[in-house]
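Undergrad: Below: one structure in structure tokens.
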Amino acid sequence: MITVMGATGHTGQYLVEQLLQAGQQVRALGRSASRLQPLARLGASVLVGEPDNAAFLTRAFRDAAAVYTLLPYDMQVPDYYAMQRAQGEAIVHALRENGTGHVVFHSSLGAELPAGTGPIASMHEQETRLRGLNGCNVLMLRTGALFENFYGALGVIKQAGLNGDAVAPDLPIPMIATRDLADVAAKALIARDWHGVVVRELLGPCDLSYAEATRLLGERIGQPDLNYVQLTAEDMTGALLGAGFSPNLAGLYVELAQAINQGRIKSLEGRHPGNTTPTRFEDFAPELAAAYQAM
Ligand SMILES: NC(=O)c1ccc[n+]([C@@H]2O[C@H](COP(=O)([O-])OP(=O)(O)OC[C@H]3O[C@@H](n4cnc5c(N)ncnc54)[C@H](OP(=O)(O)O)[C@@H]3O)[C@@H](O)[C@H]2O)c1
């Protein structure tokens, strides 16, 4: 039995499907029975509960040979670090109670830094908590920026006819599709062939700037001249607040953009075949385009 947190999400859904296709028994976790229903139909057993509920997670991890974990959030979270800490502590409590042998954690480039990285600092905290587990084999998958982040840009593109963020336009950044992360996670959860604490970077097929990704997306949505504009910290904050982000999370995103621009969120091992994954932004852009057309 393999337990998957965030099973209705971008990574989780695909991961559950991959595990089921490989003949694994899967326990899929989420907060809503109806959202989990499609995975139940595919053959997963589903459990409904909150990811910061230690008693729920202790039940959900019982008898699992391996567990996939992440720290989810939403844009309106009033205190991001408090929410992430509550989830992280609940996860570690449940792993410890069950003596779970193998756990995969979706982490991020930059998670080696304790602070000054916006939302990524909470992944540093969680990596530290997981390192404190005795006898548990922990695999931290540190990804670059997710292609799926661009779903959040579609509204602005629709309204303003441009894409904007505080990240510098021409800075090459490792970007990855969550399905590539899910493929790596599925193989690891099935093989359980790592020992101790292992950090693995996943960088996508190539580094890509925001300007280039915007251009590729523009081509797919019939706007080949779609521009990327770098926003000031103040304008970025205003844009995020206008889009419904809490002041706390808006501030953390601006801090993250500054950390990226200063070159502090980076691969530590450098790109090599083992951390380069296949899905290109061009392969993913049709999904973004479909979501854009449906808006
Ligand atoms: N964005 C990036 O560039 C980046 C980079 C590195 C790492 N990460 C990590 O990757 C994660 C995102 O991965 P993903 O795209 O696969 O996940 P996702 O689709 O954003 O979310 C996974 C699931 O989390 C649950 N969820 C959403 N909001 C929640 C909330 N407020 N409280 C509790 N559960 C909530 C939802 O399930 P239910 O509503 O059905 O429960 C959702 O399906 C981030 O949380 C971050 O930790 C992100």
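Chain lettering (A, B, ...) mirrors the order of the structure tokens, residue numbering begins at 1 for each chain separately, and ligand numbering begins at 1 in order of display.
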Write out as CSV the residues of chain A that have any atom within 6 Å of an atom of ligand 1, one row each with the nearest atom pair and its distance in Å to one decimal, counting only C-alpha atoms and all ligand atoms, sorted by chain and then rising number.
TA:
residue,atom,partner,partner_atom_place_in_ligand_line,distance
A:Gly6,CA,ligand 1,23 (C),3.8
A:Thr8,CA,ligand 1,43 (O),4.0
A:Gly9,CA,ligand 1,43 (O),3.1
A:His10,CA,ligand 1,19 (O),4.0
A:Thr11,CA,ligand 1,16 (O),3.6
A:Gly12,CA,ligand 1,16 (O),5.7
A:Gly30,CA,ligand 1,41 (O),3.8
A:Arg31,CA,ligand 1,41 (O),3.6
A:Ser32,CA,ligand 1,40 (O),5.3
A:Arg35,CA,ligand 1,40 (O),5.8
A:Pro51,CA,ligand 1,33 (C),5.8
A:Leu70,CA,ligand 1,47 (O),5.5
A:Leu71,CA,ligand 1,47 (O),4.5
A:Pro72,CA,ligand 1,45 (O),3.6
A:Tyr73,CA,ligand 1,31 (N),4.1
A:Asp74,CA,ligand 1,31 (N),4.4
A:His106,CA,ligand 1,9 (C),5.8
A:Ser107,CA,ligand 1,7 (C),5.0
A:Ser108,CA,ligand 1,6 (C),4.0
A:Thr143,CA,ligand 1,6 (C),5.1
A:Gly144,CA,ligand 1,5 (C),5.6
A:Ala145,CA,ligand 1,3 (O),3.5
A:Leu146,CA,ligand 1,3 (O),4.1
A:Asn149,CA,ligand 1,1 (N),5.6
Undergrad: Excluding Glu17 in chain A and its own-chain neighbours fewer than 4 positions away, which residues fall within 8 Å of it when counting only C-alpha atoms? Please give them as a list in words.
TA: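 Here the qualifying residues turn out to be Gln13, Gln21, Leu39 and Leu42 of chain A.
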Undergrad: List every residue of range 17-77 of chain A that DSSP, applied to the backbone of this structure, assigns to strand (DSSP E), and report them as a PDB file with N, CA, C and O atoms, in the first residue's frame.
TA:
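Output file selection_17.pdb follows:
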ATOM      1  N   VAL A  26      -3.250   1.731  -3.705  1.00  0.00           N
ATOM      2  CA  VAL A  26      -3.025   3.151  -3.403  1.00  0.00           C
ATOM      3  C   VAL A  26      -4.107   3.671  -2.468  1.00  0.00           C
ATOM      4  O   VAL A  26      -5.294   3.390  -2.660  1.00  0.00           O
ATOM      5  N   ARG A  27      -3.682   4.441  -1.467  1.00  0.00           N
ATOM      6  CA  ARG A  27      -4.619   5.160  -0.595  1.00  0.00           C
ATOM      7  C   ARG A  27      -4.465   6.646  -0.935  1.00  0.00           C
ATOM      8  O   ARG A  27      -3.380   7.215  -0.731  1.00  0.00           O
ATOM      9  N   ALA A  28      -5.524   7.234  -1.481  1.00  0.00           N
ATOM     10  CA  ALA A  28      -5.467   8.618  -1.966  1.00  0.00           C
ATOM     11  C   ALA A  28      -6.128   9.547  -0.958  1.00  0.00           C
ATOM     12  O   ALA A  28      -7.278   9.330  -0.572  1.00  0.00           O
ATOM     13  N   LEU A  29      -5.416  10.600  -0.552  1.00  0.00           N
ATOM     14  CA  LEU A  29      -5.932  11.512   0.481  1.00  0.00           C
ATOM     15  C   LEU A  29      -6.355  12.856  -0.114  1.00  0.00           C
ATOM     16  O   LEU A  29      -5.713  13.374  -1.029  1.00  0.00           O
ATOM     17  N   GLY A  30      -7.419  13.413   0.440  1.00  0.00           N
ATOM     18  CA  GLY A  30      -7.873  14.735   0.028  1.00  0.00           C
ATOM     19  C   GLY A  30      -8.913  15.219   1.015  1.00  0.00           C
ATOM     20  O   GLY A  30      -9.289  14.501   1.939  1.00  0.00           O
ATOM     21  N   SER A  45      -8.169   3.382  -2.894  1.00  0.00           N
ATOM     22  CA  SER A  45      -9.016   3.576  -1.721  1.00  0.00           C
ATOM     23  C   SER A  45      -8.807   5.022  -1.298  1.00  0.00           C
ATOM     24  O   SER A  45      -7.683   5.537  -1.369  1.00  0.00           O
ATOM     25  N   VAL A  46      -9.878   5.692  -0.926  1.00  0.00           N
ATOM     26  CA  VAL A  46      -9.752   7.125  -0.653  1.00  0.00           C
ATOM     27  C   VAL A  46     -10.056   7.411   0.813  1.00  0.00           C
ATOM     28  O   VAL A  46     -10.865   6.718   1.435  1.00  0.00           O
ATOM     29  N   LEU A  47      -9.386   8.410   1.359  1.00  0.00           N
ATOM     30  CA  LEU A  47      -9.625   8.839   2.732  1.00  0.00           C
ATOM     31  C   LEU A  47      -9.733  10.358   2.744  1.00  0.00           C
ATOM     32  O   LEU A  47      -8.885  11.052   2.160  1.00  0.00           O
ATOM     33  N   VAL A  48     -10.764  10.839   3.435  1.00  0.00           N
ATOM     34  CA  VAL A  48     -11.025  12.280   3.455  1.00  0.00           C
ATOM     35  C   VAL A  48     -10.589  12.866   4.795  1.00  0.00           C
ATOM     36  O   VAL A  48     -10.986  12.374   5.854  1.00  0.00           O
ATOM     37  N   ALA A  66       5.153   3.087   1.760  1.00  0.00           N
ATOM     38  CA  ALA A  66       5.753   4.374   1.388  1.00  0.00           C
ATOM     39  C   ALA A  66       4.659   5.434   1.315  1.00  0.00           C
ATOM     40  O   ALA A  66       3.491   5.114   1.077  1.00  0.00           O
ATOM     41  N   VAL A  67       5.058   6.689   1.545  1.00  0.00           N
ATOM     42  CA  VAL A  67       4.093   7.797   1.557  1.00  0.00           C
ATOM     43  C   VAL A  67       4.641   8.951   0.708  1.00  0.00           C
ATOM     44  O   VAL A  67       5.829   9.282   0.800  1.00  0.00           O
ATOM     45  N   TYR A  68       3.751   9.550  -0.106  1.00  0.00           N
ATOM     46  CA  TYR A  68       4.103  10.764  -0.852  1.00  0.00           C
ATOM     47  C   TYR A  68       3.537  11.966  -0.098  1.00  0.00           C
ATOM     48  O   TYR A  68       2.337  11.996   0.215  1.00  0.00           O
ATOM     49  N   THR A  69       4.366  12.947   0.189  1.00  0.00           N
ATOM     50  CA  THR A  69       3.923  14.098   0.983  1.00  0.00           C
ATOM     51  C   THR A  69       4.238  15.414   0.282  1.00  0.00           C
ATOM     52  O   THR A  69       5.181  15.509  -0.506  1.00  0.00           O
TER      53      THR A  69
END
Undergrad: I'd like the neighbourhood of Asp79 in chain A as an NGL selection string, where a residue qualifies if any of its atoms comes within 12 Å (using only C-alpha atoms), though same-chain residues fewer than 4 positions away should be ignored.
TA: :A and (73-75 or 83-86 or 119 or 122 or 245-252)
Undergrad: Residues as selected, N, CA and C atoms, written as a PDB file, in the first residue's frame, can you do that?
TA:
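Ended up saving to out_2.pdb:
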ATOM      1  N   TYR A  73      -1.235  24.671  -0.094  1.00  0.00           N
ATOM      2  CA  TYR A  73      -1.712  25.961   0.442  1.00  0.00           C
ATOM      3  C   TYR A  73      -2.667  26.561  -0.579  1.00  0.00           C
ATOM      4  N   ASP A  74      -3.361  27.611  -0.168  1.00  0.00           N
ATOM      5  CA  ASP A  74      -4.151  28.353  -1.145  1.00  0.00           C
ATOM      6  C   ASP A  74      -3.794  29.828  -1.042  1.00  0.00           C
ATOM      7  N   MET A  75      -4.233  30.592  -2.017  1.00  0.00           N
ATOM      8  CA  MET A  75      -3.770  31.981  -2.131  1.00  0.00           C
ATOM      9  C   MET A  75      -4.253  32.869  -0.985  1.00  0.00           C
ATOM     10  N   MET A  83       0.528  27.811   8.650  1.00  0.00           N
ATOM     11  CA  MET A  83      -0.214  26.717   8.023  1.00  0.00           C
ATOM     12  C   MET A  83       0.731  25.586   7.604  1.00  0.00           C
ATOM     13  N   GLN A  84       1.855  25.970   7.023  1.00  0.00           N
ATOM     14  CA  GLN A  84       2.805  24.962   6.550  1.00  0.00           C
ATOM     15  C   GLN A  84       3.409  24.198   7.726  1.00  0.00           C
ATOM     16  N   ARG A  85       3.661  24.919   8.812  1.00  0.00           N
ATOM     17  CA  ARG A  85       4.249  24.285   9.998  1.00  0.00           C
ATOM     18  C   ARG A  85       3.276  23.256  10.574  1.00  0.00           C
ATOM     19  N   ALA A  86       1.985  23.628  10.637  1.00  0.00           N
ATOM     20  CA  ALA A  86       0.979  22.706  11.183  1.00  0.00           C
ATOM     21  C   ALA A  86       0.923  21.428  10.336  1.00  0.00           C
ATOM     22  N   PRO A 119       7.963  31.535   0.075  1.00  0.00           N
ATOM     23  CA  PRO A 119       7.294  30.277   0.409  1.00  0.00           C
ATOM     24  C   PRO A 119       8.255  29.095   0.556  1.00  0.00           C
ATOM     25  N   SER A 122       9.503  27.432   4.090  1.00  0.00           N
ATOM     26  CA  SER A 122       8.757  26.412   4.844  1.00  0.00           C
ATOM     27  C   SER A 122       9.170  25.008   4.410  1.00  0.00           C
ATOM     28  N   PHE A 245      -4.843  37.267  -3.375  1.00  0.00           N
ATOM     29  CA  PHE A 245      -3.841  36.708  -2.458  1.00  0.00           C
ATOM     30  C   PHE A 245      -3.930  37.425  -1.116  1.00  0.00           C
ATOM     31  N   SER A 246      -3.642  36.700  -0.035  1.00  0.00           N
ATOM     32  CA  SER A 246      -3.561  37.342   1.274  1.00  0.00           C
ATOM     33  C   SER A 246      -2.326  38.244   1.281  1.00  0.00           C
ATOM     34  N   PRO A 247      -2.337  39.300   2.100  1.00  0.00           N
ATOM     35  CA  PRO A 247      -1.152  40.165   2.195  1.00  0.00           C
ATOM     36  C   PRO A 247       0.100  39.374   2.568  1.00  0.00           C
ATOM     37  N   ASN A 248      -0.061  38.397   3.459  1.00  0.00           N
ATOM     38  CA  ASN A 248       1.083  37.590   3.890  1.00  0.00           C
ATOM     39  C   ASN A 248       1.700  36.847   2.713  1.00  0.00           C
ATOM     40  N   LEU A 249       0.875  36.153   1.929  1.00  0.00           N
ATOM     41  CA  LEU A 249       1.421  35.356   0.819  1.00  0.00           C
ATOM     42  C   LEU A 249       1.927  36.266  -0.304  1.00  0.00           C
ATOM     43  N   ALA A 250       1.258  37.402  -0.529  1.00  0.00           N
ATOM     44  CA  ALA A 250       1.735  38.334  -1.554  1.00  0.00           C
ATOM     45  C   ALA A 250       3.154  38.784  -1.218  1.00  0.00           C
ATOM     46  N   GLY A 251       3.375  39.118   0.056  1.00  0.00           N
ATOM     47  CA  GLY A 251       4.710  39.551   0.489  1.00  0.00           C
ATOM     48  C   GLY A 251       5.745  38.458   0.287  1.00  0.00           C
ATOM     49  N   LEU A 252       5.346  37.217   0.561  1.00  0.00           N
ATOM     50  CA  LEU A 252       6.294  36.100   0.408  1.00  0.00           C
ATOM     51  C   LEU A 252       6.628  35.862  -1.067  1.00  0.00           C
TER      52      LEU A 252
END
Undergrad: Using CA of Asn98 in chain A and CA of Asn137 in chain A as the two end points, give the distance in Å to one decimal.
TA: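 Separation between CA of Asn98 in chain A and CA of Asn137 in chain A: 13.3 Å.
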